[in-house]
Amino acid sequence: MGRYDRNRIFTETEMTKLQASKICIVGCGGLGGYLAEMLVRVGIGQVVLVDGDVFDESNLNRQLYATTDNLGRSKALEAKKRLAAINPETRIFAHHAKLDQGNVYDMIQDCDLVMDALDNIATRFIVQQACEKSGIPMVHGAIAGWYGQVTTILPGDRTLDRIYQESDESGIEDELGNPSFTPATIASIQIAEAMKVLVGRDEILRNKILMVDLLDNEFHIIAI
C-alpha cells in the first residue's frame with residue numbers, strides 16, 4: 001500500500017494537482033501546526049511556513065509542535081523538522097520571520113493558496129491585500145475558547161473587510177484563550193476548504209462564514 005492509498009476521496013488527477021501545489025501557512029502556532037501536519041500528510045508538494053515567534057510554556061496546552069524540549073526555539077524551524085520526518089516527499093520552506101508589508105510578497109510568491117493561521121488582525125489585512133494583488137486564494141481561520149470561524153477568500157472578495165475593522169489589533173482570543181481541541185477542529189475545516197479550492201470543487205465557503213460553537217455543538221453558515 002502506498003503513502004496516499006487512503007486518500008480515496010480524491011481522483012488520481014486530483015492527487016496529481018495536490019502533489020503539484022504550493023501552499024503558504026502564515027502562523028505556525030495553534031492553527032498553523034495542525035494545518036502544516038495535515039497538508040504534508042495529504043500530500044501537498046510544497047509548504048511554506050512563516051512565523052517569527054518562538055515556543056514558550058503557554059504554548060504547551062495546544063500547539064502541536066511545542067514540547068518541553070524546544071521552548072525558546074523557532075516555531076517555523078521546529079515545525080519543519082517534524083514535517084520532514086512525516087513526509088520527505090514534501091518540500092518545506094521555513095521562515096523564522098514576522099510577516100509584514102516588506103516581505104509578504106516574497107513569502108507567498110508562486111503559491112497556489114495561502115492559509116491564514118494568524119492571531120493578529122492587522123497582519124490578516126496585509127495577507128488579504130497581497131493575495132488579492134497576486135491572484136491567490138486564501139483560507140481564513142480564527143479561534144477563541146470554544147469558538148472558531150472559517151471562510152474562503154478569492155481574489156477581489158475582500159471578505160475580511162466585512163468581518164473585522166482594520167484598526168482592530170487582536171481578536172477575542174486574548175480574553176477567552178484557546179484549549180487544545182479548538183485549533184484542531186478549525187484547522188481541519190480550513191484544510192477541507194483548501195483541498196476543495198485546489199482540486200476545483202464548488203462547495204466552498206466563499207462569501208460565507210462558518211461559525212463553530214463547540215460548547216453548544218452548533219455550526220452555522222452565515223452569508224456575508
# chains A, B, ... in the order shown; residues from 1 in each chain; ligands from 1
$ select_by_dssp --residues "stretch 177-217 of chain A" --states "strand (DSSP E)" --output "number ranges by chain"
A: 208-213
$ closest_atom_pairs --of "stretch 7-55 of chain A" --to "stretch 195-216 of chain A" --cutoff "8 Å" --atoms "only C-alpha atoms" --output "CSV"
residue,atom,partner,partner_atom,distance
A:Glu14,CA,A:Val199,CA,5.6
A:Lys17,CA,A:Val199,CA,6.6
A:Leu18,CA,A:Leu198,CA,6.8
A:Ser21,CA,A:Leu198,CA,7.7
$ write_last_selection --atoms "C-alpha atoms" --output "compact mmCIF listing (two decimals), in the first residue's frame"
# COMPACT_ATOMS: atom_id res chain seq x y z
CA GLU A 14 -6.85 15.48 -8.17
CA LYS A 17 -2.87 18.53 -8.55
CA LEU A 18 -2.33 18.36 -4.80
CA SER A 21 0.58 22.52 -5.28
$ residues_around --residues "A:Gln101" --least-positions-apart "3" --cutoff "8 Å" --atoms "only C-alpha atoms" --output "ChimeraX atom specification"
/A:104-105,126
$ write_last_selection --atoms "N, CA and C atoms" --output "short mmCIF file (atom, residue, chain, number, x, y, z; two decimals), in the first residue's frame"
data_model
loop_
_atom_site.label_atom_id
_atom_site.label_comp_id
_atom_site.auth_asym_id
_atom_site.auth_seq_id
_atom_site.Cartn_x
_atom_site.Cartn_y
_atom_site.Cartn_z
N VAL A 104 5.84 40.18 2.57
CA VAL A 104 4.69 39.33 2.30
C VAL A 104 4.70 38.77 0.88
N TYR A 105 5.09 39.59 -0.11
CA TYR A 105 5.04 39.10 -1.49
C TYR A 105 6.11 38.05 -1.74
N ILE A 126 -2.96 42.59 5.73
CA ILE A 126 -1.78 42.59 4.85
C ILE A 126 -1.80 41.37 3.94
#
$ closest_residue --among "A:Ala194, A:Ile143, A:Pro155, A:Asn103" --to "A:Gly177" --atoms "only C-alpha atoms"
A:Ile143
$ residues_around --residues "A:Asp161" --least-positions-apart "2" --cutoff "12 Å" --atoms "only C-alpha atoms" --output "CSV table (one decimal) with C-alpha atoms, in the first residue's frame"
chain,number,residue,atom,x,y,z
A,121,ILE,CA,-5.9,41.2,12.6
A,122,ALA,CA,-3.7,43.9,11.1
A,124,ARG,CA,-4.5,39.4,8.2
A,125,PHE,CA,-5.3,42.5,6.2
A,126,ILE,CA,-1.8,42.6,4.9
A,128,GLN,CA,-5.6,39.6,2.2
A,129,GLN,CA,-4.3,42.6,0.2
A,153,ILE,CA,-11.5,34.3,0.2
A,156,GLY,CA,-11.4,40.5,-5.1
A,157,ASP,CA,-13.8,39.2,-2.4
A,158,ARG,CA,-12.2,41.3,0.4
A,159,THR,CA,-14.2,39.2,2.9
A,163,ILE,CA,-15.6,40.6,9.4
A,164,TYR,CA,-13.0,42.9,11.1
A,165,GLN,CA,-12.2,46.6,11.4
A,166,GLU,CA,-8.7,47.3,10.1
A,167,SER,CA,-8.0,49.3,13.3
A,168,ASP,CA,-8.5,46.1,15.4
A,207,ASN,CA,-18.8,35.0,0.8
A,224,ILE,CA,-21.5,37.9,4.4
$ residues_around --residues "A:Ala79" --least-positions-apart "6" --cutoff "9 Å" --atoms "only C-alpha atoms" --output "list in words"
Cys28, Gly33, Ala36, Glu37, Leu49, Leu64, Tyr65 and Ala94 of chain A
$ residues_around --residues "A:Val26" --least-positions-apart "4" --cutoff "8 Å" --atoms "only C-alpha atoms" --output "PDB file with N, CA, C and O atoms, in the first residue's frame"
ATOM      1  N   GLY A  32      -1.708  26.885  12.937  1.00  0.00           N
ATOM      2  CA  GLY A  32      -0.709  26.608  11.920  1.00  0.00           C
ATOM      3  C   GLY A  32      -0.056  25.246  12.036  1.00  0.00           C
ATOM      4  O   GLY A  32       0.236  24.598  11.025  1.00  0.00           O
ATOM      5  N   LEU A  49       6.312  27.854   5.473  1.00  0.00           N
ATOM      6  CA  LEU A  49       5.955  28.185   6.851  1.00  0.00           C
ATOM      7  C   LEU A  49       6.526  29.545   7.206  1.00  0.00           C
ATOM      8  O   LEU A  49       7.722  29.790   7.004  1.00  0.00           O
ATOM      9  N   VAL A  50       5.666  30.423   7.750  1.00  0.00           N
ATOM     10  CA  VAL A  50       6.116  31.764   8.116  1.00  0.00           C
ATOM     11  C   VAL A  50       5.695  32.062   9.544  1.00  0.00           C
ATOM     12  O   VAL A  50       4.499  32.072   9.860  1.00  0.00           O
ATOM     13  N   ASP A  51       6.662  32.294  10.412  1.00  0.00           N
ATOM     14  CA  ASP A  51       6.377  32.663  11.801  1.00  0.00           C
ATOM     15  C   ASP A  51       7.662  33.189  12.435  1.00  0.00           C
ATOM     16  O   ASP A  51       8.698  32.514  12.379  1.00  0.00           O
ATOM     17  N   LEU A  99       5.730  38.220   9.364  1.00  0.00           N
ATOM     18  CA  LEU A  99       5.222  38.681   8.078  1.00  0.00           C
ATOM     19  C   LEU A  99       4.798  40.139   8.172  1.00  0.00           C
ATOM     20  O   LEU A  99       4.117  40.541   9.122  1.00  0.00           O
ATOM     21  N   VAL A 114      -2.982  30.439   0.227  1.00  0.00           N
ATOM     22  CA  VAL A 114      -2.419  30.881   1.498  1.00  0.00           C
ATOM     23  C   VAL A 114      -3.384  30.515   2.617  1.00  0.00           C
ATOM     24  O   VAL A 114      -4.601  30.720   2.504  1.00  0.00           O
ATOM     25  N   MET A 115      -2.836  29.957   3.699  1.00  0.00           N
ATOM     26  CA  MET A 115      -3.631  29.616   4.872  1.00  0.00           C
ATOM     27  C   MET A 115      -3.382  30.650   5.962  1.00  0.00           C
ATOM     28  O   MET A 115      -2.236  30.863   6.384  1.00  0.00           O
ATOM     29  N   ASP A 116      -4.445  31.286   6.424  1.00  0.00           N
ATOM     30  CA  ASP A 116      -4.366  32.283   7.492  1.00  0.00           C
ATOM     31  C   ASP A 116      -4.495  31.581   8.838  1.00  0.00           C
ATOM     32  O   ASP A 116      -5.558  31.099   9.203  1.00  0.00           O
ATOM     33  N   ALA A 117      -3.368  31.542   9.576  1.00  0.00           N
ATOM     34  CA  ALA A 117      -3.360  30.966  10.923  1.00  0.00           C
ATOM     35  C   ALA A 117      -2.839  32.009  11.913  1.00  0.00           C
ATOM     36  O   ALA A 117      -2.152  31.684  12.877  1.00  0.00           O
ATOM     37  N   LEU A 118      -3.183  33.253  11.666  1.00  0.00           N
ATOM     38  CA  LEU A 118      -2.675  34.372  12.444  1.00  0.00           C
ATOM     39  C   LEU A 118      -3.531  34.642  13.673  1.00  0.00           C
ATOM     40  O   LEU A 118      -4.681  34.217  13.761  1.00  0.00           O
TER      41      LEU A 118
END
$ decode --residues "stretch 69-98 of chain A" --atoms "N, CA and C atoms" --output "mmCIF file, in the first residue's frame"
data_model
loop_
_atom_site.group_PDB
_atom_site.id
_atom_site.type_symbol
_atom_site.label_atom_id
_atom_site.label_comp_id
_atom_site.auth_asym_id
_atom_site.auth_seq_id
_atom_site.Cartn_x
_atom_site.Cartn_y
_atom_site.Cartn_z
ATOM 1 N N ASP A 69 11.058 20.324 25.408
ATOM 2 C CA ASP A 69 12.444 20.332 24.949
ATOM 3 C C ASP A 69 12.761 21.453 23.962
ATOM 4 N N ASN A 70 11.733 22.061 23.341
ATOM 5 C CA ASN A 70 12.052 23.072 22.330
ATOM 6 C C ASN A 70 11.562 24.476 22.693
ATOM 7 N N LEU A 71 11.283 24.724 23.964
ATOM 8 C CA LEU A 71 10.900 26.067 24.381
ATOM 9 C C LEU A 71 12.032 27.037 24.067
ATOM 10 N N GLY A 72 11.661 28.186 23.520
ATOM 11 C CA GLY A 72 12.645 29.178 23.114
ATOM 12 C C GLY A 72 13.139 29.014 21.688
ATOM 13 N N ARG A 73 12.708 27.965 21.009
ATOM 14 C CA ARG A 73 13.139 27.733 19.634
ATOM 15 C C ARG A 73 12.080 28.205 18.634
ATOM 16 N N SER A 74 12.522 28.448 17.426
ATOM 17 C CA SER A 74 11.661 28.953 16.355
ATOM 18 C C SER A 74 10.516 27.995 16.045
ATOM 19 N N LYS A 75 9.298 28.512 16.022
ATOM 20 C CA LYS A 75 8.137 27.688 15.690
ATOM 21 C C LYS A 75 8.236 27.153 14.258
ATOM 22 N N ALA A 76 8.626 28.003 13.336
ATOM 23 C CA ALA A 76 8.694 27.584 11.934
ATOM 24 C C ALA A 76 9.766 26.517 11.719
ATOM 25 N N LEU A 77 10.933 26.712 12.318
ATOM 26 C CA LEU A 77 12.024 25.775 12.111
ATOM 27 C C LEU A 77 11.782 24.442 12.810
ATOM 28 N N GLU A 78 11.148 24.486 13.985
ATOM 29 C CA GLU A 78 10.816 23.245 14.676
ATOM 30 C C GLU A 78 9.740 22.469 13.917
ATOM 31 N N ALA A 79 8.781 23.200 13.348
ATOM 32 C CA ALA A 79 7.748 22.552 12.538
ATOM 33 C C ALA A 79 8.377 21.837 11.343
ATOM 34 N N LYS A 80 9.339 22.492 10.704
ATOM 35 C CA LYS A 80 9.985 21.884 9.538
ATOM 36 C C LYS A 80 10.626 20.549 9.886
ATOM 37 N N LYS A 81 11.252 20.453 11.055
ATOM 38 C CA LYS A 81 11.897 19.201 11.466
ATOM 39 C C LYS A 81 10.895 18.052 11.521
ATOM 40 N N ARG A 82 9.760 18.309 12.166
ATOM 41 C CA ARG A 82 8.769 17.241 12.300
ATOM 42 C C ARG A 82 8.144 16.889 10.956
ATOM 43 N N LEU A 83 7.844 17.906 10.159
ATOM 44 C CA LEU A 83 7.191 17.661 8.881
ATOM 45 C C LEU A 83 8.086 16.872 7.937
ATOM 46 N N ALA A 84 9.370 17.149 7.975
ATOM 47 C CA ALA A 84 10.312 16.414 7.126
ATOM 48 C C ALA A 84 10.347 14.933 7.502
ATOM 49 N N ALA A 85 10.148 14.639 8.784
ATOM 50 C CA ALA A 85 10.132 13.247 9.232
ATOM 51 C C ALA A 85 8.844 12.542 8.835
ATOM 52 N N ILE A 86 7.750 13.309 8.741
ATOM 53 C CA ILE A 86 6.455 12.733 8.371
ATOM 54 C C ILE A 86 6.394 12.418 6.885
ATOM 55 N N ASN A 87 6.811 13.381 6.060
ATOM 56 C CA ASN A 87 6.708 13.191 4.612
ATOM 57 C C ASN A 87 7.893 13.845 3.905
ATOM 58 N N PRO A 88 8.951 13.097 3.682
ATOM 59 C CA PRO A 88 10.120 13.665 2.997
ATOM 60 C C PRO A 88 9.860 14.019 1.540
ATOM 61 N N GLU A 89 8.710 13.595 1.001
ATOM 62 C CA GLU A 89 8.374 13.940 -0.378
ATOM 63 C C GLU A 89 7.905 15.394 -0.499
ATOM 64 N N THR A 90 7.456 16.002 0.596
ATOM 65 C CA THR A 90 7.009 17.392 0.582
ATOM 66 C C THR A 90 8.194 18.317 0.830
ATOM 67 N N ARG A 91 8.339 19.319 -0.013
ATOM 68 C CA ARG A 91 9.396 20.318 0.184
ATOM 69 C C ARG A 91 8.895 21.359 1.186
ATOM 70 N N ILE A 92 9.674 21.586 2.233
ATOM 71 C CA ILE A 92 9.284 22.509 3.296
ATOM 72 C C ILE A 92 10.230 23.703 3.287
ATOM 73 N N PHE A 93 9.648 24.902 3.235
ATOM 74 C CA PHE A 93 10.425 26.133 3.304
ATOM 75 C C PHE A 93 9.999 26.862 4.584
ATOM 76 N N ALA A 94 10.896 26.968 5.535
ATOM 77 C CA ALA A 94 10.561 27.568 6.831
ATOM 78 C C ALA A 94 11.251 28.924 6.972
ATOM 79 N N HIS A 95 10.475 29.939 7.341
ATOM 80 C CA HIS A 95 10.998 31.294 7.506
ATOM 81 C C HIS A 95 10.736 31.765 8.932
ATOM 82 N N HIS A 96 11.804 31.929 9.700
ATOM 83 C CA HIS A 96 11.671 32.497 11.045
ATOM 84 C C HIS A 96 11.635 34.013 10.883
ATOM 85 N N ALA A 97 10.454 34.528 10.555
ATOM 86 C CA ALA A 97 10.296 35.951 10.267
ATOM 87 C C ALA A 97 8.857 36.362 10.509
ATOM 88 N N LYS A 98 8.679 37.555 11.008
ATOM 89 C CA LYS A 98 7.346 38.118 11.156
ATOM 90 C C LYS A 98 6.892 38.650 9.811
#
